[in-house]
Amino acid sequence: MREPRYVVIAGDLMRKIAAGRWPVGELLPTEPELAAEYGVSRETLRRALQRLDVAGLISRHPGTGTRVERLAPVAEFTAQLGSVEDLTQYGESAVRGILSVEPVTVDAALATVTDLAEGSRQVCVTSTRRDPGRAGEVVSWARVYLGPGDAKAVAGDLEGSPQLIADLIEARTGRAVERVVQRVRAVGVPAEAAAHLGVEPGSPGLEFVRRYYDASGALFEVAVSTHAGDRFVYETVLQRK
């Protein structure tokens with residue numbers, strides 16, 4: 001099957017970055033310039049750049065441009081929907097700020113939300129994410145649940161890093177993500193989250209629950225994040241195989 005144009009463009013840009021056409025730290029040509037070069041609309045070009053963004057190759061900064069961050073992509077995660085669709089998650093990189101790191105025992109309510117075993121011991125990392133492209137605005141509030149061993153392994157890497165905690169765990173322990181199961185639902189923003197997001201408690205929000213499984217099928221991380229509904233857009237592209 002012929003690949004969509006934006007996928008082809010993303011692959012070409014990846015090859016050019018890997019070959020050193022634009023060194024790390026250098027800006028790519030502007031979106032209008034790239035769109036004209038490939039003979040596509042800016043929307044198609046943006047979809048291609050989103051793939052590079054998700055792969056960790058670039059960072060996008062309004063008013064400044066698109067900067068090369070690395071020459072080789074980080075692992076890309078695609079969750080399968082049935083046998084004919086792929087789900088690709090898009091999101092802006094944002095800097096993590098740690099609010100607390102505390103041991104917890106999973107109660108019945110938390111087990112229902114996370115699928116963690118009731119009575120198990122976990123470490124809860126409460127954090128915010130700030131968007132450096134919008135004057136450091138808080139874009140999410142989250143609680144991430146880790147096993148004590150994994151939490152200890154990444155303790156020194158959490159603050160200020162834009163990387164997924166799962167990626168930090170892989171770097172420190174070798175445990176890699178094989179599968180991510182994500183659930184999204186509309187919620188009223190909890191009071192604790194609202195205080196950091198700068199919205200009224202109970203105002204509309206989106207809650208993401210992501211469960212990370214390793215190659216053996218073991219659940220080793222659960223992230224529960226909340227976003228303010230009036231400033232967050234979640235986009236997916238569903239493509240028939």
# chains A, B, ... in the order shown; residues from 1 in each chain; ligands from 1
call {"tool": "residues_around", "arguments": {"residues": "Pro190 in chain A", "least_positions_apart": "5", "cutoff": "12 Å", "atoms": "only C-alpha atoms", "output": "PyMOL selection string"}}
result
chain A and resi 141-142+195-207+225-228
call {"tool": "write_last_selection", "arguments": {"atoms": "C-alpha atoms", "output": "PDB file, in the first residue's frame"}}
result
ATOM      1  CA  TRP A 141      -0.549  17.684  36.465  1.00  0.00           C
ATOM      2  CA  ALA A 142       0.229  14.018  36.933  1.00  0.00           C
ATOM      3  CA  ALA A 195      -4.244  24.771  41.922  1.00  0.00           C
ATOM      4  CA  HIS A 196      -1.300  24.064  39.619  1.00  0.00           C
ATOM      5  CA  LEU A 197      -3.152  24.366  36.318  1.00  0.00           C
ATOM      6  CA  GLY A 198      -4.609  27.737  37.295  1.00  0.00           C
ATOM      7  CA  VAL A 199      -8.249  26.755  36.770  1.00  0.00           C
ATOM      8  CA  GLU A 200     -11.289  26.410  39.004  1.00  0.00           C
ATOM      9  CA  PRO A 201     -11.736  23.054  40.757  1.00  0.00           C
ATOM     10  CA  GLY A 202     -14.309  21.006  38.899  1.00  0.00           C
ATOM     11  CA  SER A 203     -13.779  22.846  35.610  1.00  0.00           C
ATOM     12  CA  PRO A 204     -13.671  20.712  32.423  1.00  0.00           C
ATOM     13  CA  GLY A 205     -10.525  18.679  31.939  1.00  0.00           C
ATOM     14  CA  LEU A 206      -9.090  15.587  30.279  1.00  0.00           C
ATOM     15  CA  GLU A 207      -7.637  12.689  32.240  1.00  0.00           C
ATOM     16  CA  SER A 225      -2.338  12.980  34.100  1.00  0.00           C
ATOM     17  CA  THR A 226      -4.883  15.800  34.055  1.00  0.00           C
ATOM     18  CA  HIS A 227      -5.066  18.624  31.515  1.00  0.00           C
ATOM     19  CA  ALA A 228      -7.184  21.777  31.557  1.00  0.00           C
TER      20      ALA A 228
END
call {"tool": "residues_around", "arguments": {"residues": "Val106 in chain A", "least_positions_apart": "4", "cutoff": "7 Å", "atoms": "only C-alpha atoms", "output": "PDB file with N, CA, C and O atoms, in the first residue's frame"}}
result
ATOM      1  N   LEU A 110      -7.652   3.085  43.867  1.00  0.00           N
ATOM      2  CA  LEU A 110      -6.501   3.293  42.989  1.00  0.00           C
ATOM      3  C   LEU A 110      -6.281   2.072  42.091  1.00  0.00           C
ATOM      4  O   LEU A 110      -5.916   2.206  40.919  1.00  0.00           O
ATOM      5  N   ALA A 111      -6.521   0.892  42.630  1.00  0.00           N
ATOM      6  CA  ALA A 111      -6.382  -0.328  41.827  1.00  0.00           C
ATOM      7  C   ALA A 111      -7.351  -0.318  40.646  1.00  0.00           C
ATOM      8  O   ALA A 111      -7.013  -0.749  39.540  1.00  0.00           O
ATOM      9  N   ALA A 117      -1.999  -3.934  41.450  1.00  0.00           N
ATOM     10  CA  ALA A 117      -2.538  -4.891  42.418  1.00  0.00           C
ATOM     11  C   ALA A 117      -2.883  -4.194  43.726  1.00  0.00           C
ATOM     12  O   ALA A 117      -2.060  -3.458  44.279  1.00  0.00           O
ATOM     13  N   GLU A 118      -4.094  -4.420  44.197  1.00  0.00           N
ATOM     14  CA  GLU A 118      -4.498  -3.852  45.482  1.00  0.00           C
ATOM     15  C   GLU A 118      -3.579  -4.373  46.587  1.00  0.00           C
ATOM     16  O   GLU A 118      -3.270  -5.555  46.650  1.00  0.00           O
ATOM     17  N   GLY A 119      -3.111  -3.476  47.426  1.00  0.00           N
ATOM     18  CA  GLY A 119      -2.205  -3.836  48.510  1.00  0.00           C
ATOM     19  C   GLY A 119      -0.737  -3.769  48.135  1.00  0.00           C
ATOM     20  O   GLY A 119       0.127  -3.894  49.014  1.00  0.00           O
ATOM     21  N   SER A 120      -0.438  -3.580  46.841  1.00  0.00           N
ATOM     22  CA  SER A 120       0.977  -3.507  46.429  1.00  0.00           C
ATOM     23  C   SER A 120       1.591  -2.184  46.840  1.00  0.00           C
ATOM     24  O   SER A 120       0.910  -1.172  47.002  1.00  0.00           O
ATOM     25  N   ARG A 121       2.899  -2.188  47.020  1.00  0.00           N
ATOM     26  CA  ARG A 121       3.645  -0.991  47.395  1.00  0.00           C
ATOM     27  C   ARG A 121       4.193  -0.326  46.141  1.00  0.00           C
ATOM     28  O   ARG A 121       4.828  -0.980  45.309  1.00  0.00           O
TER      29      ARG A 121
END
call {"tool": "select_by_dssp", "arguments": {"residues": "range 23-230 of chain A", "states": "alpha helix (DSSP H)", "output": "number ranges by chain"}}
result
A: 31-38, 42-54, 108-114, 148-154, 165-173, 191-197
call {"tool": "atom_distance", "arguments": {"atom1": "CA of Glu33 in chain A", "atom2": "CA of Arg67 in chain A"}}
result
14.8 Å
call {"tool": "residues_around", "arguments": {"residues": "Asp214 in chain A", "least_positions_apart": "5", "cutoff": "8 Å", "atoms": "only C-alpha atoms", "output": "list of chain:residue names"}}
result
A:Arg175, A:Ala176, A:Val177, A:Glu178, A:Arg179, A:Leu219, A:Phe220
call {"tool": "atom_distance", "arguments": {"atom1": "CA of Thr128 in chain A", "atom2": "CA of Gly97 in chain A"}}
result
5.2 Å
call {"tool": "closest_residue", "arguments": {"among": "A:Thr66, A:Ser127, A:Ser161, A:Gln182", "to": "Leu99 in chain A", "atoms": "only C-alpha atoms"}}
result
A:Ser127
call {"tool": "select_by_dssp", "arguments": {"residues": "range 5-140 of chain A", "states": "strand (DSSP E or B)", "output": "PyMOL selection string"}}
result
chain A and resi 27+58-61+65-68+79-81+85-89+95-105+121-131+137-140
call {"tool": "atom_distance", "arguments": {"atom1": "CA of Ser59 in chain A", "atom2": "CA of Ala36 in chain A"}}
result
21.0 Å
